[in-house]
file model.cif (mmCIF, C-alpha atoms)
data_final
#
loop_
_atom_site.label_atom_id
_atom_site.label_comp_id
_atom_site.auth_asym_id
_atom_site.auth_seq_id
_atom_site.Cartn_x
_atom_site.Cartn_y
_atom_site.Cartn_z
CA MET A 29 175.64 148.16 226.07
CA LYS A 30 174.10 150.53 228.59
CA ARG A 31 174.93 149.77 232.22
CA ILE A 32 174.04 151.51 235.46
CA SER A 33 177.00 151.10 237.76
CA LYS A 34 176.70 154.21 239.95
CA ILE A 35 173.13 153.63 241.19
CA SER A 36 172.00 150.54 243.12
CA ALA A 37 168.47 149.12 242.95
CA ILE A 38 166.78 147.85 246.10
CA VAL A 39 163.56 145.85 245.68
CA LEU A 40 161.29 145.21 248.67
CA THR A 41 159.55 141.83 248.64
CA LYS A 42 157.22 139.57 250.55
CA ASN A 43 155.69 136.60 248.68
CA GLU A 44 156.15 138.22 245.27
CA GLU A 45 156.73 135.21 243.03
CA ALA A 46 154.02 136.30 240.54
CA GLY A 47 155.74 139.46 239.33
CA LEU A 48 159.26 139.56 240.74
CA GLY A 49 160.89 137.84 237.77
CA ASN A 50 159.53 140.48 235.43
CA THR A 51 160.69 143.27 237.74
CA LEU A 52 164.23 141.88 237.99
CA GLU A 53 164.40 141.29 234.25
CA ASN A 54 163.68 145.00 233.80
CA LEU A 55 166.52 145.83 236.22
CA LYS A 56 169.14 143.86 234.29
CA ASP A 57 170.97 147.08 233.34
CA PHE A 58 171.80 147.69 237.02
CA GLU A 59 175.06 146.16 238.17
CA ASP A 60 173.95 146.13 241.81
CA VAL A 61 170.46 144.75 242.56
CA ILE A 62 169.42 143.86 246.10
CA VAL A 63 166.20 142.14 247.17
CA VAL A 64 165.20 142.88 250.77
CA ASP A 65 162.77 140.13 251.68
CA SER A 66 160.34 139.74 254.57
CA LEU A 67 160.28 135.98 255.25
CA SER A 68 158.65 135.01 251.95
CA GLU A 69 157.02 131.58 251.87
CA ASP A 70 156.75 131.22 248.10
CA ARG A 71 159.42 131.17 245.34
CA THR A 72 160.45 134.81 245.82
CA LEU A 73 163.97 134.02 247.05
CA GLU A 74 164.57 131.41 244.35
CA ILE A 75 163.54 133.88 241.66
CA ALA A 76 165.74 136.59 243.14
CA VAL A 77 168.81 134.35 243.19
CA ASN A 78 168.13 133.03 239.68
CA HIS A 79 168.13 136.62 238.40
CA GLY A 80 171.45 137.38 240.07
CA ALA A 81 170.09 139.63 242.81
CA ARG A 82 171.69 139.75 246.22
CA VAL A 83 169.19 138.79 248.95
CA VAL A 84 169.03 140.49 252.34
CA HIS A 85 166.59 139.11 254.92
CA PHE A 86 164.37 141.42 256.94
CA GLU A 87 162.27 140.57 259.97
CA TRP A 88 160.46 143.47 261.55
CA ASN A 89 160.85 143.91 265.32
CA SER A 90 157.71 146.09 265.64
CA GLU A 91 159.84 149.22 266.02
CA TYR A 92 161.49 151.83 263.84
CA PRO A 93 163.24 151.76 261.47
CA LYS A 94 160.62 150.18 259.28
CA LYS A 95 161.49 148.28 256.12
CA LYS A 96 162.38 151.08 253.69
CA GLN A 97 164.68 152.94 256.08
CA TRP A 98 166.08 149.65 257.38
CA SER A 99 166.98 148.73 253.80
CA LEU A 100 168.85 151.99 253.30
CA GLU A 101 170.79 151.36 256.51
CA ASN A 102 171.42 147.60 256.25
CA ALA A 103 171.34 146.37 252.64
CA ASN A 104 174.98 147.46 252.07
CA PRO A 105 174.58 148.69 248.49
CA LEU A 106 177.66 149.35 246.40
CA ASN A 107 176.59 152.92 245.70
CA GLU A 108 175.44 156.00 247.57
CA TRP A 109 172.49 156.50 245.21
CA ILE A 110 169.59 154.05 245.52
CA LEU A 111 166.56 153.40 243.34
CA LEU A 112 164.13 152.09 245.98
CA LEU A 113 161.34 149.99 244.51
CA ASP A 114 158.36 147.89 245.49
CA ALA A 115 158.34 144.43 243.95
CA ASP A 116 155.87 145.47 241.24
CA GLU A 117 157.78 148.60 240.17
CA PHE A 118 160.44 148.93 237.51
CA PRO A 119 161.82 151.69 235.26
CA THR A 120 160.59 152.24 231.73
CA ALA A 121 163.18 151.93 228.97
CA SER A 122 163.25 155.74 228.72
CA LEU A 123 163.89 156.04 232.46
CA ILE A 124 166.75 153.54 232.15
CA ASN A 125 168.29 155.77 229.49
CA GLU A 126 167.81 158.80 231.72
CA LEU A 127 169.51 157.04 234.64
CA VAL A 128 172.38 155.91 232.41
CA ASP A 129 173.03 159.54 231.51
CA LEU A 130 172.39 160.86 235.02
CA GLN A 131 174.53 158.42 237.00
CA TYR A 132 177.85 160.22 236.49
CA SER A 133 176.71 163.78 237.10
CA ILE A 134 174.58 162.70 240.07
CA GLU A 135 177.70 161.82 242.05
CA SER A 136 178.77 165.46 242.23
CA SER A 137 175.28 166.93 242.46
CA SER A 138 173.87 168.71 245.50
CA HIS A 139 170.62 166.74 245.41
CA GLY A 140 169.35 164.52 248.17
CA ALA A 141 166.57 162.79 246.23
CA PHE A 142 164.63 162.72 242.97
CA ASP A 143 160.87 162.32 242.49
CA ILE A 144 159.53 160.00 239.78
CA ASN A 145 156.02 159.72 238.38
CA LEU A 146 154.42 156.28 238.16
CA LEU A 147 152.70 154.70 235.18
CA TYR A 148 150.04 152.71 236.99
CA ARG A 149 148.50 149.41 235.93
CA PHE A 150 144.99 148.80 237.25
CA ALA A 151 142.68 145.90 236.36
CA GLY A 152 145.08 144.78 233.64
CA ARG A 153 145.46 148.13 231.87
CA TYR A 154 148.08 150.86 232.03
CA LEU A 155 146.50 154.21 232.88
CA ARG A 156 148.14 156.98 230.86
CA HIS A 157 145.79 159.72 232.03
CA GLY A 158 144.02 160.76 235.22
CA HIS A 159 145.61 160.83 238.65
CA VAL A 160 149.40 160.38 238.66
CA VAL A 161 151.24 159.14 241.76
CA THR A 162 154.67 160.68 242.39
CA LYS A 163 157.22 158.80 244.50
CA ARG A 164 160.54 159.96 245.90
CA SER A 165 162.27 156.79 244.79
CA LEU A 166 165.82 157.85 243.86
CA LEU A 167 167.61 158.57 247.13
CA HIS A 168 171.08 159.43 248.35
CA ILE A 169 171.71 157.00 251.16
CA ASP A 170 173.24 159.62 253.48
CA ARG A 171 171.11 162.63 252.52
CA ALA A 172 167.58 161.23 252.52
CA SER A 173 165.74 159.20 255.13
CA PHE A 174 162.24 158.16 256.12
CA PRO A 175 160.98 160.01 259.19
CA VAL A 176 160.04 158.28 262.41
CA ILE A 177 156.28 158.64 262.81
CA ASN A 178 154.39 157.89 266.00
CA ASP A 179 152.13 155.35 264.30
CA LEU A 180 153.28 152.05 265.80
CA ASP A 181 149.89 151.56 267.44
CA ALA A 182 148.01 152.37 264.23
CA PRO A 183 146.25 149.53 262.39
CA GLY A 184 146.57 148.81 258.68
CA ILE A 185 150.22 149.55 257.86
CA ARG A 186 152.83 147.76 259.90
CA GLU A 187 156.36 146.85 258.77
CA VAL A 188 156.57 149.21 255.79
CA GLU A 189 156.44 153.00 256.06
CA GLY A 190 153.06 154.57 255.36
CA HIS A 191 151.96 156.95 252.62
CA TYR A 192 154.57 159.66 253.03
CA GLN A 193 157.82 160.61 251.38
CA PRO A 194 161.41 160.38 252.63
CA GLU A 195 162.88 163.67 253.79
CA THR A 196 166.04 165.48 252.78
CA ALA A 197 167.60 168.83 253.61
CA PHE A 198 169.18 168.87 250.15
CA LYS A 199 167.68 169.72 246.78
CA ILE A 200 164.92 167.50 245.39
CA GLY A 201 164.96 166.89 241.65
CA LYS A 202 162.35 165.45 239.30
CA LEU A 203 163.08 162.87 236.62
CA ARG A 204 161.39 163.23 233.24
CA ASN A 205 160.48 159.60 232.70
CA ARG A 206 158.37 157.15 234.65
CA LEU A 207 158.47 154.09 236.82
CA ILE A 208 155.97 151.40 235.88
CA HIS A 209 153.76 150.21 238.72
CA ASP A 210 152.91 146.80 237.29
CA ASP A 211 150.20 145.61 239.67
CA ARG A 212 149.31 142.15 238.37
CA ASP A 213 147.27 141.11 241.40
CA PRO A 214 143.51 140.70 241.02
CA VAL A 215 141.43 143.77 241.73
CA SER A 216 140.17 142.09 244.92
CA SER A 217 143.69 142.32 246.37
CA TRP A 218 143.81 146.04 245.53
CA PHE A 219 140.63 146.54 247.56
CA ALA A 220 141.99 144.37 250.39
CA ARG A 221 145.19 146.46 250.59
CA HIS A 222 143.31 149.73 250.52
CA ASN A 223 140.96 148.47 253.21
CA ARG A 224 144.04 148.14 255.44
CA TYR A 225 145.42 151.49 254.29
CA SER A 226 142.15 153.21 255.14
CA ASP A 227 142.38 151.84 258.69
CA TRP A 228 145.74 153.62 259.01
CA GLU A 229 144.47 156.86 257.46
CA ALA A 230 141.38 156.92 259.72
CA HIS A 231 143.59 156.47 262.76
CA LEU A 232 145.67 159.46 261.63
CA ARG A 233 142.60 161.66 261.32
CA LEU A 234 141.68 160.86 264.90
CA ASN A 235 145.08 162.16 266.01
CA GLN A 236 145.27 165.65 264.47
CA ARG A 237 148.87 166.26 265.54
CA LEU A 238 149.99 163.01 263.92
CA ARG A 239 147.91 163.73 260.84
CA LYS A 240 149.59 167.13 260.39
CA GLU A 241 153.01 165.59 260.96
CA ILE A 242 152.49 162.98 258.25
CA ALA A 243 150.86 165.48 255.88
CA SER A 244 154.05 167.56 256.11
CA LYS A 245 156.02 164.57 254.76
CA ARG A 246 153.91 164.26 251.63
CA THR A 247 154.33 166.00 248.30
CA PHE A 248 152.88 169.50 247.84
CA LYS A 249 150.02 167.94 245.87
CA GLY A 250 149.38 165.48 248.70
CA ARG A 251 149.43 168.22 251.34
CA MET A 252 146.93 170.33 249.43
CA PHE A 253 144.61 167.37 248.91
CA ASP A 254 144.76 166.45 252.59
CA MET A 255 143.21 169.84 253.44
CA LEU A 256 140.20 169.49 251.15
CA PRO A 257 136.67 168.58 252.28
CA LEU A 258 134.41 166.23 250.27
CA LYS A 259 137.44 164.24 249.08
CA PRO A 260 135.53 161.39 247.33
CA ILE A 261 133.57 163.74 245.10
CA LEU A 262 136.40 166.17 244.45
CA PHE A 263 138.89 163.40 243.71
CA PHE A 264 136.64 161.80 241.13
CA GLY A 265 136.12 165.12 239.37
CA TYR A 266 139.85 165.82 239.46
CA ALA A 267 141.04 162.39 238.32
CA PHE A 268 138.35 161.45 235.82
CA ILE A 269 137.49 164.82 234.30
CA LEU A 270 140.18 167.45 234.94
CA ARG A 271 143.09 165.02 234.53
CA GLY A 272 141.49 163.20 231.62
CA GLY A 273 140.96 159.82 233.25
CA PHE A 274 138.04 159.30 230.89
CA LEU A 275 140.61 158.90 228.08
CA ASP A 276 141.54 155.54 229.62
CA GLY A 277 137.99 154.32 229.08
CA ARG A 278 136.28 152.00 231.53
CA ALA A 279 139.54 151.27 233.36
CA GLY A 280 140.04 154.99 233.96
CA MET A 281 136.55 155.30 235.39
CA ASP A 282 136.98 152.20 237.55
CA TYR A 283 140.26 153.51 238.97
CA ALA A 284 138.83 156.95 239.72
CA LEU A 285 135.80 155.37 241.40
CA ALA A 286 137.97 152.93 243.36
CA LEU A 287 140.15 155.70 244.78
CA SER A 288 137.11 157.89 245.46
CA ALA A 289 135.61 154.98 247.41
CA TYR A 290 138.89 154.66 249.29
CA TYR A 291 138.65 158.26 250.48
CA TRP A 292 134.98 157.70 251.37
CA GLN A 293 136.01 154.62 253.34
CA ILE A 294 138.54 156.65 255.32
CA GLY A 295 135.83 159.14 256.22
CA VAL A 296 133.37 156.45 257.33
CA LYS A 297 135.99 154.76 259.52
CA TYR A 298 137.08 158.07 261.00
CA ARG A 299 133.51 158.99 261.94
CA GLU A 300 133.09 155.59 263.53
CA LEU A 301 136.25 156.10 265.61
CA VAL A 302 135.04 159.54 266.71
CA GLY A 303 131.70 158.03 267.77
CA LEU A 304 133.42 155.29 269.76
CA ALA A 305 135.70 157.82 271.46
CA GLU A 306 132.76 160.05 272.41
CA SER A 307 130.76 157.11 273.78
CA GLU A 308 133.60 156.34 276.19
CA ILE A 309 133.61 159.82 277.69
#
call {"tool": "encode", "arguments": {"input": "model.cif", "output": "structure tokens"}}
result
Amino acid sequence: MKRISKISAIVLTKNEEAGLGNTLENLKDFEDVIVVDSLSEDRTLEIAVNHGARVVHFEWNSEYPKKKQWSLENANPLNEWILLLDADEFPTASLINELVDLQYSIESSSHGAFDINLLYRFAGRYLRHGHVVTKRSLLHIDRASFPVINDLDAPGIREVEGHYQPETAFKIGKLRNRLIHDDRDPVSSWFARHNRYSDWEAHLRLNQRLRKEIASKRTFKGRMFDMLPLKPILFFGYAFILRGGFLDGRAGMDYALALSAYYWQIGVKYRELVGLAESEI
């Protein structure tokens, strides 16, 4: 029986009763599973306990550290290596096998973190082509950390760190297999979340120093994309055509259009903020 005893899993939750049980079932090979919960009002805690997870309560104080870094500092995992997950993320069977094999050599490695590609579910379908999100999700608790960003007055993203990666001065590896991002929420909730995210991104654009600071925390692919003009058009061409999103059919087109609209939304909100700022001069 395969077991992962040298890597702990931390799952971040807030009112996640719809999908948490499935996530925890897919983490059953981990001996140490911790749910860090933000005052859930549904059955999240009951589900976590029923699946044998240890629950740690988090209440944000409107300061840093935010939830991901706070979890690394306060969840008291049994291991130095952490697989840090959102409540709708879990490893594929092939990634479990990779972690089983990796867990012993990782203890003596000189790495600080490992990047993992996501297999994304959108509108009820897994997207095997098109744009691929990469997350730095496997972290050494003492070698990797989320940076403090001067965004506490920014709208849209509050208690959880924004769209940037944890930092490490050590080597960064890349795992071969994927995490599943099993977004089971209705598409309307995807648009609602990205409406909030675009508020945050537009605020960053207004503050060029802060924008450059956060861009430096992203992957190389993310940094290059941040520099491009005409993002909505270029992203659609990249995701749907160059990356083969069309092979996922209508769902692939919908996802490419949705993300293109997200980048368009950021631009519209940024131009509005610029106009408001100029009118006050």
call {"tool": "atom_distance", "arguments": {"input": "model.cif", "atom1": "CA of Arg71 (chain A)", "atom2": "CA of Gly152 (chain A)"}}
result
23.0 Å
call {"tool": "resolve_selection", "arguments": {"input": "model.cif", "expression": "the PyMOL selection byres ((chain A and resi 233) around 10)", "output": "short mmCIF file (atom, residue, chain, number, x, y, z; two decimals) with C-alpha atoms, keeping the file's coordinate frame"}}
result
data_model
loop_
_atom_site.label_atom_id
_atom_site.label_comp_id
_atom_site.auth_asym_id
_atom_site.auth_seq_id
_atom_site.Cartn_x
_atom_site.Cartn_y
_atom_site.Cartn_z
CA TRP A 228 145.74 153.62 259.01
CA GLU A 229 144.47 156.86 257.46
CA ALA A 230 141.38 156.92 259.72
CA HIS A 231 143.59 156.47 262.76
CA LEU A 232 145.67 159.46 261.63
CA LEU A 234 141.68 160.86 264.90
CA ASN A 235 145.08 162.16 266.01
CA GLN A 236 145.27 165.65 264.47
CA ARG A 237 148.87 166.26 265.54
CA LEU A 238 149.99 163.01 263.92
CA ARG A 239 147.91 163.73 260.84
CA LYS A 240 149.59 167.13 260.39
CA ILE A 294 138.54 156.65 255.32
CA GLY A 295 135.83 159.14 256.22
CA LYS A 297 135.99 154.76 259.52
CA TYR A 298 137.08 158.07 261.00
CA ARG A 299 133.51 158.99 261.94
CA LEU A 301 136.25 156.10 265.61
CA VAL A 302 135.04 159.54 266.71
#
call {"tool": "resolve_selection", "arguments": {"input": "model.cif", "expression": "the PyMOL selection byres ((chain A and resi 34-38) around 6)", "output": "MDAnalysis selection string"}}
result
chainID A and resid 32:33 39 60:63 107 109:112 131
call {"tool": "resolve_selection", "arguments": {"input": "model.cif", "expression": "the PyMOL selection byres ((chain A and resi 86) around 12)", "output": "PyMOL selection string"}}
result
chain A and resi 40-42+63-68+83-85+87-90+93-99+101-103+187-188
call {"tool": "residues_near_point", "arguments": {"input": "model.cif", "point": "(154.5, 148.5, 235.8)", "cutoff": "12 Å", "atoms": "all atoms listed in the file", "output": "ChimeraX atom specification"}}
result
/A:47-48,50-52,54,113-121,145-150,152-156,206-213
call {"tool": "closest_residue", "arguments": {"input": "model.cif", "among": "A:Ile144, A:Val176, A:Ala286, A:Glu74", "to": "Val160 (chain A)", "atoms": "only C-alpha atoms"}}
result
A:Ile144
call {"tool": "atom_distance", "arguments": {"input": "model.cif", "atom1": "CA of Tyr283 (chain A)", "atom2": "CA of Arg224 (chain A)"}}
result
17.7 Å
call {"tool": "closest_residue", "arguments": {"input": "model.cif", "among": "A:Ala267, A:Val77, A:Asp70, A:Thr162", "to": "Gly280 (chain A)", "atoms": "all atoms listed in the file"}}
result
A:Ala267
call {"tool": "closest_residue", "arguments": {"input": "model.cif", "among": "A:Ser307, A:Asn125, A:Ser137, A:Ser216", "to": "Asp57 (chain A)", "atoms": "all atoms listed in the file"}}
result
A:Asn125
call {"tool": "residues_around", "arguments": {"input": "model.cif", "residues": "Lys199 (chain A)", "least_positions_apart": "3", "cutoff": "12 Å", "atoms": "only C-alpha atoms", "output": "list in words"}}
result
Ile134, Ser137, Ser138, His139, Gly140, Ala141, Phe142, Asp143, Leu167, His168, Arg171, Ala172, Glu195, Thr196 and Lys202 of chain A
call {"tool": "atom_distance", "arguments": {"input": "model.cif", "atom1": "CA of Val161 (chain A)", "atom2": "CA of Tyr92 (chain A)"}}
result
25.4 Å
call {"tool": "closest_residue", "arguments": {"input": "model.cif", "among": "A:His157, A:Ser136, A:Leu100, A:Gly303", "to": "Phe174 (chain A)", "atoms": "all atoms listed in the file"}}
result
A:Leu100
call {"tool": "closest_residue", "arguments": {"input": "model.cif", "among": "A:Ala197, A:Ala289, A:Glu45, A:Gly158", "to": "Leu275 (chain A)", "atoms": "all atoms listed in the file"}}
result
A:Gly158
call {"tool": "residues_around", "arguments": {"input": "model.cif", "residues": "Ala284 (chain A)", "least_positions_apart": "2", "cutoff": "6 Å", "atoms": "all atoms listed in the file", "output": "list in words"}}
result
Phe264, Phe268, Met281, Asp282, Ala286 and Leu287 of chain A
call {"tool": "closest_residue", "arguments": {"input": "model.cif", "among": "A:Ala220, A:His191, A:Glu53, A:Glu91", "to": "His79 (chain A)", "atoms": "only C-alpha atoms"}}
result
A:Glu53
call {"tool": "axis_aligned_box", "arguments": {"input": "model.cif", "around": "region 36-49 of chain A", "padding_each_side": "4 Å", "output": "JSON"}}
result
{"center_x": 163.0, "center_y": 142.9, "center_z": 244.2, "size_x": 26.0, "size_y": 23.3, "size_z": 20.8}
call {"tool": "build_atoms", "arguments": {"input": "model.cif", "residues": "region 101-112 of chain A", "atoms": "all heavy atoms", "output": "PDB file, in the coordinates of the input"}}
result
ATOM      1  N   GLU A 101     169.748 151.439 255.490  1.00  0.00           N
ATOM      2  CA  GLU A 101     170.790 151.360 256.510  1.00  0.00           C
ATOM      3  C   GLU A 101     171.523 150.021 256.522  1.00  0.00           C
ATOM      4  O   GLU A 101     172.676 149.951 256.987  1.00  0.00           O
ATOM      5  CB  GLU A 101     170.177 151.603 257.890  1.00  0.00           C
ATOM      6  CG  GLU A 101     169.615 153.005 258.079  1.00  0.00           C
ATOM      7  CD  GLU A 101     168.912 153.168 259.422  1.00  0.00           C
ATOM      8  OE1 GLU A 101     168.903 152.199 260.217  1.00  0.00           O
ATOM      9  OE2 GLU A 101     168.361 154.262 259.673  1.00  0.00           O
ATOM     10  N   ASN A 102     170.874 148.949 256.028  1.00  0.00           N
ATOM     11  CA  ASN A 102     171.420 147.600 256.250  1.00  0.00           C
ATOM     12  C   ASN A 102     171.633 146.750 255.007  1.00  0.00           C
ATOM     13  O   ASN A 102     172.215 145.666 255.115  1.00  0.00           O
ATOM     14  CB  ASN A 102     170.498 146.836 257.207  1.00  0.00           C
ATOM     15  CG  ASN A 102     170.436 147.443 258.583  1.00  0.00           C
ATOM     16  OD1 ASN A 102     171.319 147.224 259.413  1.00  0.00           O
ATOM     17  ND2 ASN A 102     169.396 148.217 258.840  1.00  0.00           N
ATOM     18  N   ALA A 103     171.197 147.200 253.842  1.00  0.00           N
ATOM     19  CA  ALA A 103     171.340 146.370 252.640  1.00  0.00           C
ATOM     20  C   ALA A 103     172.749 146.407 252.060  1.00  0.00           C
ATOM     21  O   ALA A 103     173.084 145.601 251.187  1.00  0.00           O
ATOM     22  CB  ALA A 103     170.326 146.813 251.581  1.00  0.00           C
ATOM     23  N   ASN A 104     173.587 147.335 252.518  1.00  0.00           N
ATOM     24  CA  ASN A 104     174.980 147.460 252.070  1.00  0.00           C
ATOM     25  C   ASN A 104     175.106 147.551 250.549  1.00  0.00           C
ATOM     26  O   ASN A 104     175.816 146.754 249.909  1.00  0.00           O
ATOM     27  CB  ASN A 104     175.812 146.274 252.585  1.00  0.00           C
ATOM     28  CG  ASN A 104     175.911 146.262 254.092  1.00  0.00           C
ATOM     29  OD1 ASN A 104     176.123 147.297 254.714  1.00  0.00           O
ATOM     30  ND2 ASN A 104     175.731 145.085 254.684  1.00  0.00           N
ATOM     31  N   PRO A 105     174.448 148.522 249.930  1.00  0.00           N
ATOM     32  CA  PRO A 105     174.580 148.690 248.490  1.00  0.00           C
ATOM     33  C   PRO A 105     175.993 149.142 248.118  1.00  0.00           C
ATOM     34  O   PRO A 105     176.728 149.689 248.951  1.00  0.00           O
ATOM     35  CB  PRO A 105     173.543 149.770 248.167  1.00  0.00           C
ATOM     36  CG  PRO A 105     173.429 150.555 249.441  1.00  0.00           C
ATOM     37  CD  PRO A 105     173.588 149.556 250.550  1.00  0.00           C
ATOM     38  N   LEU A 106     176.335 148.956 246.863  1.00  0.00           N
ATOM     39  CA  LEU A 106     177.660 149.350 246.400  1.00  0.00           C
ATOM     40  C   LEU A 106     177.764 150.837 246.141  1.00  0.00           C
ATOM     41  O   LEU A 106     178.874 151.358 246.003  1.00  0.00           O
ATOM     42  CB  LEU A 106     178.009 148.579 245.117  1.00  0.00           C
ATOM     43  CG  LEU A 106     178.069 147.054 245.228  1.00  0.00           C
ATOM     44  CD1 LEU A 106     178.424 146.446 243.880  1.00  0.00           C
ATOM     45  CD2 LEU A 106     179.062 146.625 246.299  1.00  0.00           C
ATOM     46  N   ASN A 107     176.602 151.510 246.076  1.00  0.00           N
ATOM     47  CA  ASN A 107     176.590 152.920 245.700  1.00  0.00           C
ATOM     48  C   ASN A 107     175.846 153.764 246.723  1.00  0.00           C
ATOM     49  O   ASN A 107     175.040 153.259 247.509  1.00  0.00           O
ATOM     50  CB  ASN A 107     175.908 153.078 244.329  1.00  0.00           C
ATOM     51  CG  ASN A 107     176.633 152.306 243.249  1.00  0.00           C
ATOM     52  OD1 ASN A 107     177.738 152.653 242.856  1.00  0.00           O
ATOM     53  ND2 ASN A 107     176.017 151.237 242.768  1.00  0.00           N
ATOM     54  N   GLU A 108     176.116 155.072 246.672  1.00  0.00           N
ATOM     55  CA  GLU A 108     175.440 156.000 247.570  1.00  0.00           C
ATOM     56  C   GLU A 108     174.028 156.344 247.082  1.00  0.00           C
ATOM     57  O   GLU A 108     173.183 156.755 247.877  1.00  0.00           O
ATOM     58  CB  GLU A 108     176.259 157.291 247.700  1.00  0.00           C
ATOM     59  CG  GLU A 108     177.594 157.099 248.391  1.00  0.00           C
ATOM     60  CD  GLU A 108     178.378 158.392 248.481  1.00  0.00           C
ATOM     61  OE1 GLU A 108     178.239 159.233 247.559  1.00  0.00           O
ATOM     62  OE2 GLU A 108     179.124 158.567 249.466  1.00  0.00           O
ATOM     63  N   TRP A 109     173.803 156.212 245.770  1.00  0.00           N
ATOM     64  CA  TRP A 109     172.490 156.500 245.210  1.00  0.00           C
ATOM     65  C   TRP A 109     171.706 155.211 245.028  1.00  0.00           C
ATOM     66  O   TRP A 109     172.228 154.227 244.501  1.00  0.00           O
ATOM     67  CB  TRP A 109     172.615 157.243 243.879  1.00  0.00           C
ATOM     68  CG  TRP A 109     172.906 158.704 244.082  1.00  0.00           C
ATOM     69  CD1 TRP A 109     174.117 159.308 244.071  1.00  0.00           C
ATOM     70  CD2 TRP A 109     171.936 159.730 244.363  1.00  0.00           C
ATOM     71  NE1 TRP A 109     173.981 160.652 244.327  1.00  0.00           N
ATOM     72  CE2 TRP A 109     172.656 160.945 244.503  1.00  0.00           C
ATOM     73  CE3 TRP A 109     170.547 159.746 244.500  1.00  0.00           C
ATOM     74  CZ2 TRP A 109     172.027 162.156 244.778  1.00  0.00           C
ATOM     75  CZ3 TRP A 109     169.925 160.955 244.765  1.00  0.00           C
ATOM     76  CH2 TRP A 109     170.653 162.142 244.898  1.00  0.00           C
ATOM     77  N   ILE A 110     170.435 155.241 245.489  1.00  0.00           N
ATOM     78  CA  ILE A 110     169.590 154.050 245.520  1.00  0.00           C
ATOM     79  C   ILE A 110     168.289 154.313 244.783  1.00  0.00           C
ATOM     80  O   ILE A 110     167.619 155.329 245.031  1.00  0.00           O
ATOM     81  CB  ILE A 110     169.245 153.656 246.984  1.00  0.00           C
ATOM     82  CG1 ILE A 110     170.504 153.550 247.839  1.00  0.00           C
ATOM     83  CG2 ILE A 110     168.427 152.364 247.012  1.00  0.00           C
ATOM     84  CD1 ILE A 110     171.467 152.477 247.400  1.00  0.00           C
ATOM     85  N   LEU A 111     167.911 153.398 243.893  1.00  0.00           N
ATOM     86  CA  LEU A 111     166.560 153.400 243.340  1.00  0.00           C
ATOM     87  C   LEU A 111     165.766 152.396 244.175  1.00  0.00           C
ATOM     88  O   LEU A 111     165.981 151.187 244.087  1.00  0.00           O
ATOM     89  CB  LEU A 111     166.556 152.999 241.871  1.00  0.00           C
ATOM     90  CG  LEU A 111     165.196 153.060 241.174  1.00  0.00           C
ATOM     91  CD1 LEU A 111     164.657 154.495 241.119  1.00  0.00           C
ATOM     92  CD2 LEU A 111     165.258 152.473 239.767  1.00  0.00           C
ATOM     93  N   LEU A 112     164.868 152.910 245.024  1.00  0.00           N
ATOM     94  CA  LEU A 112     164.130 152.090 245.980  1.00  0.00           C
ATOM     95  C   LEU A 112     162.767 151.744 245.393  1.00  0.00           C
ATOM     96  O   LEU A 112     161.962 152.636 245.103  1.00  0.00           O
ATOM     97  CB  LEU A 112     163.975 152.845 247.296  1.00  0.00           C
ATOM     98  CG  LEU A 112     163.346 152.086 248.464  1.00  0.00           C
ATOM     99  CD1 LEU A 112     164.199 150.881 248.855  1.00  0.00           C
ATOM    100  CD2 LEU A 112     163.163 153.006 249.665  1.00  0.00           C
TER     101      LEU A 112
END
